[in-house]
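Peer 1: Okay, here's the structure, questions in a sec.
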Amino acid sequence: MSDIQEIAPYEQLGGELAVRQLVNRFYEIMDTDPVAAGVRAIHQPDLTEAAEKLFLFLSGWLGGPPLFVEKFGHPMLRARHLPFHIDERMRDEWLYCMYQAMDEQIGDQPALKAHLEQAFMRTADFMRNAR
Ligand code: HEM
């Protein structure tokens with residue numbers, strides 16, 4: 001085992017309130033920025049439930065409390081996304097919103113930001129189900 005205590009991204013971000021802030025800003029950008037119009041269109045008109053679920057999921061995904069799993073069980077994230085046509089463009093619109101939200105919130109923590117950009121890219125690409 002390593003002597004170095006790894007601090008979870010959840011803590012580095014600033015805990016629950018910070019994760020909620022990130023998710024809220026992410027969906028606000030999706031809701032308003034024309035660049036994200038395609039990905040916005042496949043979401044429900046009301047983004048409240050999507051925001052709550054993404055918050056619960058990211059809490060555990062970032063190394064904090066596994067709230068989504070406690071509440072709903074295994075997220076089966078890829079299967080959940082199969083009903084939606086997710087190609088590279090859709091993926092990149094989703095990532096555009098997340099990168100923008102992170103830039104605003106943790107632009108002053110470049111190492112954390114770069115790490116999370118990569119992690120989101122891998123997860124978003126895993127969700128891709130169309131060419
Ligand atoms: C690759 C591009 C992606 C697209 C186009 C996409 C699209 C969607 C859509 C349309 C929904 C349904 C929301 C609604 O009911 O309005 C959804 C749900 C969700 N997405 Fe994504 N998503 C993407 C990537 C991601 C990534 C990278 C994550 C996690 C890091 C994620 C986590 C979730 C979660 C947790 C839910 C809720 C699932 C549930 O209802 O149990 N998505 N997504």
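Chain labels run A, B, ... following the order of the structure tokens; each chain numbers its residues from 1, and ligands are numbered from 1 in the order shown.
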Hey, what's within 6 Å of stretch 96-100 of chain A if we count only C-alpha atoms and toss same-chain stuff fewer than 6 positions away? As a list in words, please?

Peer 2: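 The filter keeps Phe26, Ile29 and Met30 of chain A.
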
Peer 1: Within 6 Å of ligand 1, counting only C-alpha atoms and all ligand atoms, which protein or nucleic acid residues do you find, written as a tab-separated table (two decimals) with C-alpha atoms, in the first residue's frame?

Peer 2:
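Result file follows (pocket-v2.tsv):
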```tsv
chain	number	residue	atom	x	y	z
A	39	VAL	CA	-28.11	17.25	-26.29
A	42	ILE	CA	-33.09	14.68	-25.98
A	43	HIS	CA	-33.62	15.61	-22.30
A	44	GLN	CA	-36.97	16.16	-20.60
A	47	LEU	CA	-34.24	19.13	-15.95
A	50	ALA	CA	-31.92	14.73	-14.31
A	53	LYS	CA	-29.84	11.98	-10.41
A	54	LEU	CA	-26.59	13.29	-11.85
A	57	PHE	CA	-24.38	9.61	-9.25
A	81	HIS	CA	-28.41	5.69	-22.12
A	86	ILE	CA	-25.45	9.14	-28.64
A	90	MET	CA	-23.82	14.32	-28.78
A	91	ARG	CA	-20.95	13.21	-26.54
A	94	TRP	CA	-22.42	16.93	-23.23
A	120	PHE	CA	-15.59	12.52	-17.92
A	123	THR	CA	-17.25	7.86	-19.22
A	124	ALA	CA	-19.00	9.91	-21.90
A	125	ASP	CA	-17.29	7.94	-24.66
A	127	MET	CA	-21.99	6.00	-23.32
A	128	ARG	CA	-21.61	6.46	-27.07
```

Peer 1: For A:Leu112, which of A:Ala51, A:Leu82, A:Val23, A:Leu62 is the closest residue, counting only C-alpha atoms?

Peer 2: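 Closest residue, counting only C-alpha atoms: A:Leu62.
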
Peer 1: Identify which of the residues A:Val35, A:Arg80, A:Arg20, A:Gly73 lies closest to A:Glu52, counting only C-alpha atoms when measuring atom-to-atom distances.

Peer 2: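 For A:Glu52, the nearest of the candidates is A:Arg20.
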
Peer 1: Return as a PyMOL selection string the full set of residues in chain A whose backbone-based DSSP assignment is alpha helix (DSSP H).

Peer 2: chain A and resi 9-13+16-32+37-41+48-61+67-72+77-81+88-106+110-127

Peer 1: With only C-alpha atoms as the atoms that count, which of A:Ala130, A:Ala36, A:Val19, A:Ala41 lies nearest to A:Leu58?

Peer 2: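 The shortest atom-to-atom distance to A:Leu58 comes from A:Val19.
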
Peer 1: Using only C-alpha atoms, pick whichever of A:Pro66, A:Gly107, A:Lys71, A:Asn129 has the shortest atom-to-atom distance to A:Pro83.

Peer 2: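 Between A:Pro66, A:Gly107, A:Lys71, A:Asn129, the residue approaching A:Pro83 most closely is A:Asn129.
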
Peer 1: Please identify all polymer residues within 9 Å of stretch 8-11 of chain A, counting only C-alpha atoms, omitting same-chain residues fewer than 4 positions from it, and present them as a list in words.

Peer 2: Gly15, Glu16, Ala18, Val19, Leu58, Ser59, Gly60, Trp61, Leu62, Gly63, Gly64, Pro65, Leu112, His115 and Leu116 of chain A

Peer 1: Let me make sure I understand: among A:Arg122, A:Arg131, A:Lys113, A:Arg89, which one has the smallest atom-to-atom distance to A:Gly38 if we use only C-alpha atoms?

Peer 2: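 Closest residue, counting only C-alpha atoms: A:Arg89.
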